[in-house]
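Trainee: Just dropping this structure here.
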Amino acid sequence: MPSKPAPIKKAAGKEPAKKEEKAPEPAPEPAPEPAPAEAAPAEVEAAPAEVEAAPAEAAPAEGEAAAAPPAEEPKPPTPPPADEPTSAPLDLFIEDKNDTSVSIIWSQPEVVGHTGLDGYLIEVAKDGTEDWKAVNEELQKSCRYIIKNQTTGDRLKIRVVAVNAGGRSPPVTLPEAVLVKEVADRPKVRLPRFLRQRYVANVGDKINLTIPFTGKPKPVVSWTKNGQPLDTKRVNIRSTERDSILFIRTSEREDSGVYEMCVKVDDFEDRASLILQIVELPGPPASVKIVDTWGFNVALEWTAPTDNGNTEITGYTIQKADKKTGDWFTVLEHYHRLNATISDLIMGNTYKFRVFSENKCGISEEATVAKEEAKILKTGIEYKPPEYKEHDFTEPPKFTTSLNDRATTVGYSTKLLCSVRGSPKPKVQWMKNQMIIGDDPKYRQICVQGICSLEIRRPGNFDGGVYSCKAKNDHGEATVSCKLEVKQPAVADADKK
């Protein structure tokens, strides 16, 4: 009898409800029923209770294998870690300071933790005390802060604390107290390289020069021109904390000179000078004269211009002109001397000479012309031109292109064309059937450059016939003729019916 409940013990861990109904079938006696009755409340209980009930009943079983190992008990959930503050912020140092404020900068903590970082508290205390006070009412999110409204001359200890849900982190403190005072820096003018030499501009150009400088506190900037104060109507100066700008809207030659810039901080100052040169085209040479003429050569001399355009003269351009033609040709350019010899002139011609000045802006707009003229004489040669009989170009009229017979249709305009030559110019007449056409508006007569045309406008049945063109001058006459046939328009068979 005790051997029958074994199947019930195996099913207790998997499907105890179904095995409970099948248990009474093999058992003839009601004695084994208490075992399933005890299993019913085990089903209602939690899973660990069912696991404990099965081995308790399996103990009296005979020939049964070793009982199945009990299931592992689930581990209780791990509680969340406690909130912890971050590590101390890193790399705290002074970024800048002046008479009333101190700017500090730092890096975020190396260890932040799972609760994150809410912000930073910045605390200060006067040197020699431990009375730390927060200077920011709300947590600072960024790693930079300006401590404002401080008293000039105070020494402050500064520290930064990171704050999160776990509380305050260890502070990071400046190693030394900070003196609230502007850092004095000697003034220095940083004159650009291109302004260390003479700055040249043309008349009318816009001048806009920026000269940077350094110094703390902000230096006082002043300008002079040739040792005198600037004319504010001509020159504008605008200065910032880092540079000063010299601006001239439209430059004139009077703006040339030595400009000096001075920056001053307390008892320290620095100066820099720049030379501004405004240039323009030069004037012509003061005078030009012909010194000598021999053979095919002419010697010239001239004097420098009175107005050099505010810059040195770089050369001269010499030109000549034949008196017959009056056309000027350049014989020398970029010439540096004040005298020259012009050669290879043509015998029998008379020449004029003029000279231009030249500087770095270009060539002068006007030239100085020598008052004298140079005549290249013919030496030892008498030229007798040959006598030529004048050619007689007169001729009687002659048609180079004659008229051609034409056929046209009633109502369609047509043209008759021919060409004639003769000297003097011949007079042309058009005729129809030996009758002069004259000024009949039905006809349009044109004769240009020897090309003669007769246009017959919308010819009719009676406009056919023989047309002639007659050319006549003092030396003779010539005539050409053609036949014009005027046809009726073709009519289709359907139109005839």
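For the structure tokens, the naming scheme is as follows: chains receive sequential letters (A, B, ...) according to their order of presentation, residues are indexed from 1 within each chain, and ligands are indexed from 1 in presentation order.
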According to DSSP computed on the backbone, where in range 222-436 of chain A is there strand (DSSP E or B)? Give the residues as a ChimeraX atom specification.
Mentor: /A:222-225,228-229,236-239,243-248,257-265,268-279,288-294,297-302,313-322,328-335,339-342,350-359,362-363,368-369,374-375,395-401,406-409,414-423,427-432,435-436
Trainee: What's the 12 Å shell around Glu123 in chain A, counting only C-alpha atoms, without same-chain residues fewer than 5 positions away, as an NGL selection string?
Mentor: :A and (104 or 130-137 or 139-140 or 145-147 or 156-162 or 171-174)
Trainee: Using only C-alpha atoms, which residue out of A:Asn473, A:Thr314, A:Ser468, A:Thr409 lies closest to Pro424 in chain A?
Mentor: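 Residue with the minimum atom-to-atom distance to Pro424 in chain A: A:Asn473.
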Trainee: Within 12 Å of Pro89 in chain A, counting only C-alpha atoms, which residues qualify if same-chain residues fewer than 3 places away don't, as number ranges by chain?
Mentor: A: 85-86, 92-93, 105-112, 117, 119-122, 143, 159-163, 168-174
Trainee: For a quick check of understanding, using only C-alpha atoms, which of A:Gln150, A:Met261, A:Val331, A:Asn461 has the smallest distance to Asp243 in chain A?
Mentor: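 Looking only at the distances to Asp243 in chain A, the closest residue turns out to be A:Met261.
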Trainee: So, counting only C-alpha atoms, which residue among A:Thr78, A:Gln429, A:Asn164, A:Ser244 is closest to Asn208 in chain A?
Mentor: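 Checking each of A:Thr78, A:Gln429, A:Asn164, A:Ser244 against Asn208 in chain A, counting only C-alpha atoms, the winner is A:Ser244.
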